[in-house]
$ cat run.txt   # compact mmCIF, C-alpha atoms and all ligand atoms
# COMPACT_ATOMS: atom_id res chain seq x y z
CA MET A 106 36.94 -51.52 -66.49
CA PRO A 107 34.37 -48.66 -66.69
CA PRO A 108 34.53 -46.11 -63.89
CA ALA A 109 32.26 -47.12 -61.00
CA SER A 110 29.25 -44.99 -61.04
CA HIS A 111 26.59 -45.13 -58.42
CA PRO A 112 23.43 -46.46 -59.97
CA ALA A 113 21.27 -43.96 -58.09
CA SER A 114 23.29 -40.97 -59.16
CA ALA A 115 23.13 -42.25 -62.64
CA ALA A 116 19.36 -42.37 -62.34
CA VAL A 117 19.05 -38.81 -61.05
CA PRO A 118 18.52 -36.51 -63.96
CA PRO A 119 20.80 -33.54 -64.07
CA SER A 120 19.19 -30.76 -62.10
CA PRO A 121 17.77 -28.10 -64.37
CA ARG A 122 19.49 -24.76 -64.25
CA PRO A 123 17.29 -22.40 -62.30
CA ARG A 124 15.51 -20.06 -64.58
CA PRO A 125 15.53 -16.49 -63.42
CA ASP A 126 11.85 -15.91 -64.11
CA ASP A 127 10.31 -18.71 -62.01
CA SER A 128 11.91 -20.64 -59.16
CA GLY A 129 14.92 -18.33 -59.16
CA GLY A 130 12.72 -15.31 -58.78
CA PHE A 131 10.69 -17.02 -56.09
CA THR A 132 13.76 -18.18 -54.20
CA ARG A 133 15.29 -14.73 -54.30
CA GLY A 134 12.07 -13.08 -53.07
CA TYR A 135 11.56 -15.71 -50.39
CA SER A 136 15.07 -15.50 -49.03
CA ALA A 137 14.91 -11.70 -49.14
CA ARG A 138 11.75 -11.78 -47.07
CA ARG A 139 13.32 -14.24 -44.65
CA ALA A 140 16.36 -12.04 -44.32
CA LEU A 141 14.16 -9.02 -43.72
CA ALA A 142 12.10 -10.89 -41.11
CA ALA A 143 15.26 -12.12 -39.40
CA SER A 144 16.76 -8.67 -39.28
CA LEU A 145 13.48 -7.23 -37.99
CA ALA A 146 13.44 -9.86 -35.26
CA VAL A 147 16.99 -8.95 -34.34
CA MET A 148 16.08 -5.27 -34.29
CA LEU A 149 13.05 -5.98 -32.11
CA CYS A 150 15.23 -7.97 -29.75
CA TRP A 151 17.60 -5.07 -29.48
CA THR A 152 14.99 -2.42 -29.06
CA MET A 153 12.59 -4.29 -26.76
CA PRO A 154 14.59 -6.40 -24.33
CA GLY A 155 11.60 -7.27 -22.14
CA PRO A 156 10.15 -4.60 -19.85
CA THR A 157 12.03 -1.33 -19.95
CA LYS A 158 13.67 0.07 -16.83
CA ALA A 159 10.81 2.53 -16.41
CA GLN A 160 8.21 -0.24 -16.71
CA ALA A 161 10.11 -2.45 -14.27
CA SER A 162 10.43 0.31 -11.72
CA ALA A 163 6.77 1.29 -12.20
CA SER A 164 5.66 -2.26 -11.43
CA ALA A 165 8.10 -2.46 -8.51
CA SER A 166 6.76 0.77 -7.08
CA ALA A 167 3.19 -0.42 -7.63
CA SER A 168 3.89 -3.50 -5.54
CA ALA A 169 5.81 -1.39 -3.02
CA SER A 170 2.86 0.94 -2.65
CA ALA A 171 0.52 -2.03 -2.33
CA SER A 172 2.59 -3.38 0.54
CA ALA A 173 2.88 0.12 2.04
CA SER A 174 -0.90 0.42 2.12
CA ALA A 175 -1.20 -3.11 3.58
CA SER A 176 1.20 -1.95 6.29
CA ALA A 177 -0.86 1.21 6.88
CA ILE A 178 -3.95 -0.95 7.37
CA GLN A 179 -2.10 -3.00 10.00
CA GLY A 180 -0.98 0.27 11.58
CA ARG A 181 -4.51 1.54 11.80
CA LEU A 182 -5.62 -1.67 13.52
CA LEU A 183 -2.86 -1.14 16.08
CA PHE A 184 -3.66 2.56 16.49
CA GLU A 185 -7.34 1.94 17.06
CA GLY A 186 -6.75 -1.03 19.36
CA ASP A 187 -8.29 -3.70 17.13
CA THR A 188 -4.88 -5.35 17.32
CA PRO A 189 -4.06 -5.07 21.03
CA LEU A 190 -0.71 -3.72 22.21
CA SER A 191 1.06 -4.22 25.50
CA GLY A 192 2.00 -1.06 27.38
CA ARG A 193 2.32 0.60 30.77
CA ILE A 194 2.91 3.94 32.39
CA ARG A 195 6.62 4.68 32.62
CA GLY A 196 7.87 3.76 36.09
CA HIS A 197 5.06 1.25 36.61
CA VAL A 198 5.64 -2.48 36.50
CA ASP A 199 2.21 -3.71 35.56
CA ALA A 200 0.90 -3.58 32.03
CA LEU A 201 -2.30 -1.61 31.59
CA PRO A 202 -5.40 -3.21 30.09
CA PRO A 203 -4.96 -3.01 26.29
CA ALA A 204 -8.26 -1.12 25.93
CA SER A 205 -6.95 1.73 28.08
CA ILE A 206 -3.75 2.25 26.08
CA ARG A 207 -5.19 2.39 22.61
CA CYS A 208 -3.51 5.28 20.82
CA VAL A 209 -6.87 6.50 19.59
CA ASN A 210 -8.03 7.07 23.18
CA CYS A 211 -5.68 10.01 23.52
CA HIS A 212 -4.60 10.97 20.01
CA VAL A 213 -7.88 12.14 18.61
CA ARG A 214 -8.62 15.17 16.49
CA ALA A 215 -8.68 18.46 18.32
CA SER A 216 -12.44 18.77 17.82
CA GLU A 217 -13.04 15.23 19.07
CA ALA A 218 -10.90 15.92 22.13
CA ALA A 219 -13.01 18.97 22.96
CA ALA A 220 -16.21 16.96 22.56
CA LEU A 221 -14.86 14.14 24.73
CA ARG A 222 -13.67 16.53 27.43
CA ALA A 223 -17.09 18.11 27.50
CA ARG A 224 -18.72 14.77 28.19
CA ALA A 225 -19.02 14.01 31.89
CA ASN A 226 -18.54 10.27 31.33
CA ALA A 227 -15.35 10.61 29.32
CA PRO A 228 -13.04 7.67 30.14
CA ALA A 229 -10.16 8.54 32.44
CA THR A 230 -7.54 7.98 29.71
CA THR A 231 -9.05 10.64 27.50
CA GLN A 232 -8.08 13.26 30.08
CA GLY A 233 -4.40 12.93 29.13
CA PHE A 234 -4.86 13.91 25.51
CA GLY A 235 -1.84 13.87 23.30
CA PRO A 236 -1.51 16.00 20.17
CA PRO A 237 -3.47 14.92 17.07
CA LEU A 238 -0.98 12.84 15.08
CA ASP A 239 -0.67 13.11 11.32
CA GLY A 240 1.98 12.76 8.63
CA PRO A 241 3.16 16.40 8.37
CA MET A 242 3.12 16.88 12.14
CA LEU A 243 5.40 13.87 12.64
CA ALA A 244 7.62 13.82 9.56
CA GLU A 245 8.33 17.56 9.24
CA PRO A 246 10.84 19.25 11.53
CA ARG A 247 8.90 20.91 14.35
CA PRO A 248 9.96 22.27 17.72
CA ARG A 249 8.86 19.69 20.33
CA ARG A 250 8.94 20.03 24.11
CA GLY A 251 10.99 23.19 23.96
CA GLY A 252 13.75 21.52 21.92
CA PRO A 253 15.12 22.51 18.50
CA PRO A 254 13.02 21.38 15.48
CA SER A 255 13.00 17.61 15.08
CA ALA A 256 11.19 15.05 12.94
CA TYR A 257 10.12 11.45 13.37
CA ASP A 258 10.76 8.48 11.13
CA ALA A 259 9.86 4.84 11.73
CA ARG A 260 12.86 4.20 14.02
CA ARG A 261 12.35 7.40 16.04
CA LEU A 262 8.70 6.52 16.46
CA CYS A 263 9.88 3.18 17.88
CA THR A 264 12.09 4.96 20.40
CA ALA A 265 9.25 7.27 21.38
CA LEU A 266 6.87 4.37 21.90
CA ARG A 267 9.29 2.05 23.69
CA GLU A 268 11.24 4.52 25.77
CA GLY A 269 9.14 7.66 25.84
CA LEU A 270 11.94 9.70 24.25
CA ASP A 271 11.28 12.14 21.42
CA PRO A 272 13.67 12.61 18.42
CA ASN A 273 15.86 14.95 20.53
CA HIS A 274 15.85 12.35 23.30
CA VAL A 275 13.74 14.60 25.46
CA ARG A 276 11.49 12.64 27.79
CA MET A 277 7.79 12.79 27.07
CA ALA A 278 5.12 13.37 29.69
CA ARG A 279 4.30 10.25 31.66
CA ASN A 280 0.72 10.07 30.49
CA MET A 281 2.06 8.94 27.11
CA PRO A 282 2.40 5.20 27.89
CA ILE A 283 5.43 3.16 26.87
CA TYR A 284 4.89 0.06 24.78
CA GLN A 285 6.44 -3.31 24.16
CA LEU A 286 6.17 -3.68 20.43
CA SER A 287 8.06 -5.24 17.54
CA ASP A 288 9.93 -3.34 14.84
CA ARG A 289 7.26 -4.54 12.46
CA ASP A 290 4.48 -3.01 14.58
CA CYS A 291 6.43 0.28 14.68
CA ASP A 292 6.72 0.17 10.90
CA HIS A 293 2.99 -0.47 10.56
CA LEU A 294 2.15 2.40 12.92
CA TRP A 295 4.56 4.64 11.03
CA ALA A 296 3.04 3.66 7.65
CA TYR A 297 -0.39 4.55 8.99
CA LEU A 298 0.52 7.78 10.80
CA ALA A 299 2.90 9.14 8.15
CA GLY A 300 0.18 8.67 5.53
CA ARG A 301 -2.44 10.56 7.54
CA PRO A 302 -3.28 13.99 6.16
CA THR A 303 -3.28 16.98 8.51
CA LEU A 304 -5.94 16.36 11.13
CA GLN A 305 -6.12 19.74 12.81
CA ALA A 306 -7.08 21.41 9.53
CA ARG A 307 -10.25 19.33 9.40
CA PRO A 308 -12.55 20.19 12.32
C1 LIG A 401 -3.14 7.69 27.72
C2 LIG A 401 -2.99 8.61 26.64
C3 LIG A 401 -2.09 8.26 25.50
C4 LIG A 401 -2.04 7.10 24.78
C5 LIG A 401 -2.89 5.85 25.01
C6 LIG A 401 -1.05 7.28 23.75
N1 LIG A 401 -0.52 8.52 23.83
FE1 LIG A 401 0.90 9.29 22.62
N2 LIG A 401 0.96 10.96 23.74
C7 LIG A 401 0.16 11.22 24.84
C8 LIG A 401 0.53 12.50 25.39
C9 LIG A 401 -0.12 13.16 26.60
C10 LIG A 401 1.59 12.99 24.61
C11 LIG A 401 2.35 14.30 24.77
C12 LIG A 401 3.60 14.00 25.56
C13 LIG A 401 4.49 15.18 25.69
O1 LIG A 401 4.25 16.19 25.01
O2 LIG A 401 5.47 15.10 26.45
C14 LIG A 401 1.83 11.98 23.57
C15 LIG A 401 2.79 12.11 22.60
C16 LIG A 401 2.97 11.23 21.55
C17 LIG A 401 3.90 11.41 20.49
C18 LIG A 401 4.91 12.53 20.36
C19 LIG A 401 4.48 13.62 19.41
C20 LIG A 401 5.55 14.67 19.28
O3 LIG A 401 5.26 15.70 18.65
O4 LIG A 401 6.66 14.50 19.76
C21 LIG A 401 3.75 10.35 19.64
C22 LIG A 401 4.53 10.09 18.35
C23 LIG A 401 2.72 9.52 20.18
N3 LIG A 401 2.26 10.06 21.34
C24 LIG A 401 2.29 8.35 19.58
C25 LIG A 401 1.41 7.47 20.21
C26 LIG A 401 1.04 6.19 19.68
C27 LIG A 401 1.49 5.64 18.32
C28 LIG A 401 0.24 5.59 20.60
C29 LIG A 401 -0.30 4.19 20.57
C30 LIG A 401 0.63 3.12 20.32
C31 LIG A 401 0.06 6.53 21.69
N4 LIG A 401 0.77 7.65 21.41
C32 LIG A 401 -0.74 6.32 22.79
C33 LIG A 401 -0.84 10.42 25.31
C34 LIG A 401 -1.10 9.16 24.90

$ encode --input "run.txt" --output "structure tokens" --more "lines below"
Ligand code: HEC
Amino acid sequence: MPPASHPASAAVPPSPRPRPDDSGGFTRGYSARRALAASLAVMLCWTMPGPTKAQASASASASASASASASAIQGRLLFEGDTPLSGRIRGHVDALPPASIRCVNCHVRASEAAALRARANAPATTQGFGPPLDGPMLAEPRPRRGGPPSAYDARRLCTALREGLDPNHVRMARNMPIYQLSDRDCDHLWAYLAGRPTLQARP
């Protein structure tokens, strides 16, 4: 009996030996290019694994500064009384009308304070002027109320506003009202005030 041979395989002609000058050459060049492309891709993957650390931190700080400026805008609204706050004179029970405890009533620039004082119809609250508030004045160590140099941060500003105590826990004058305000409002006020350039230098 003849050895069983598959009819199809019998029909397939023997594959021609690749000749070096045509398909062989092409195949070699093609696979070389593929190998090169593959190794380039691998190299690119190694050298550019998505955004670099510097890029990532740059975009993080960009979004952080965007939210910091959004917070400063909220802080300004609070400072100027467009967003009303609740506050009273220390030792008093009743809250004062929000319009009379706007920070901006008392913490104006030195030149504005002089102009307001000079005006006969200056509102009563503008008589108890506080110091002009700006970033360097608050955040840099300064002697305050006869104490050793001290500086504010967001939390210390909170304590000052809620309890009337400065960073050395020295009590402030009573004409600085005390406020009922959230941590978030303190943070907004801090973002606004800490970002303010020196006010006294600009008349
Ligand atoms: C009615 C006037 C008045 C209003 C309103 C007022 N302040 Fe004052 N503030 C003062 C006076 C006066 C002082 C100085 C107190 C002292 O030296 O003991 C002061 C002091 C301060 C200090 C301390 C500065 C330092 O160097 O220690 C801060 C901070 C401050 N105010 C923030 C605010 C903020 C923020 C608001 C609004 C939420 C506000 N004040 C509203 C009158 C006012």

$ atom_distance --input "run.txt" --atom1 "CA of Ala215 (chain A)" --atom2 "CA of Pro237 (chain A)"
6.4 Å

$ closest_atom_pairs --input "run.txt" --of "chain A" --to "ligand LIG 401 (chain A)" --cutoff "7 Å" --atoms "only C-alpha atoms and all ligand atoms" --output "tab-separated table"
residue	atom	partner	partner_atom	distance
A:Leu183	CA	A:LIG401	C30	7.0
A:Phe184	CA	A:LIG401	C29	5.5
A:Ser205	CA	A:LIG401	C5	6.5
A:Ile206	CA	A:LIG401	C5	3.9
A:Arg207	CA	A:LIG401	C5	4.8
A:Cys208	CA	A:LIG401	C29	3.4
A:Val209	CA	A:LIG401	C5	6.8
A:Asn210	CA	A:LIG401	C5	5.6
A:Cys211	CA	A:LIG401	C2	4.4
A:His212	CA	A:LIG401	N1	6.1
A:Thr230	CA	A:LIG401	C1	4.8
A:Thr231	CA	A:LIG401	C2	6.4
A:Gly233	CA	A:LIG401	C9	5.0
A:Phe234	CA	A:LIG401	C9	4.9
A:Gly235	CA	A:LIG401	C8	3.4
A:Pro236	CA	A:LIG401	C10	6.2
A:Leu238	CA	A:LIG401	C22	7.0
A:Met242	CA	A:LIG401	O3	7.0
A:Leu243	CA	A:LIG401	O3	6.3
A:Arg249	CA	A:LIG401	O3	5.6
A:Arg250	CA	A:LIG401	O1	6.1
A:Leu262	CA	A:LIG401	C22	5.8
A:Ala265	CA	A:LIG401	C22	6.3
A:Leu266	CA	A:LIG401	C24	6.5
A:Asp271	CA	A:LIG401	O4	5.4
A:Arg276	CA	A:LIG401	O2	6.6
A:Met277	CA	A:LIG401	O2	3.3
A:Ala278	CA	A:LIG401	O2	3.7
A:Asn280	CA	A:LIG401	C9	5.0
A:Met281	CA	A:LIG401	C33	3.7
A:Pro282	CA	A:LIG401	C4	5.7
A:Tyr284	CA	A:LIG401	C30	6.9
A:Leu294	CA	A:LIG401	C27	6.3

$ atom_distance --input "run.txt" --atom1 "CA of Ser170 (chain A)" --atom2 "CA of Thr303 (chain A)"
20.5 Å

$ atom_distance --input "run.txt" --atom1 "CA of Val275 (chain A)" --atom2 "CA of Leu304 (chain A)"
24.4 Å

$ residues_around --input "run.txt" --residues "region 290-293 of chain A" --least-positions-apart "3" --cutoff "7 Å" --atoms "only C-alpha atoms" --output "tab-separated table (two decimals) with C-alpha atoms, in the frame of the given file"
chain	number	residue	atom	x	y	z
A	176	SER	CA	1.20	-1.95	6.29
A	177	ALA	CA	-0.86	1.21	6.88
A	179	GLN	CA	-2.10	-3.00	10.00
A	180	GLY	CA	-0.98	0.27	11.58
A	259	ALA	CA	9.86	4.84	11.73
A	262	LEU	CA	8.70	6.52	16.46
A	263	CYS	CA	9.88	3.18	17.88
A	286	LEU	CA	6.17	-3.68	20.43
A	287	SER	CA	8.06	-5.24	17.54
A	296	ALA	CA	3.04	3.66	7.65
A	297	TYR	CA	-0.39	4.55	8.99

$ closest_residue --input "run.txt" --among "A:Asp199, A:Gly252, A:Ala204, A:Gln285" --to "Asp187 (chain A)" --atoms "all atoms listed in the file"
A:Ala204

$ residues_around --input "run.txt" --residues "Arg195 (chain A)" --least-positions-apart "3" --cutoff "8 Å" --atoms "only C-alpha atoms" --output "list in words"
Gly269, Arg279, Pro282 and Ile283 of chain A
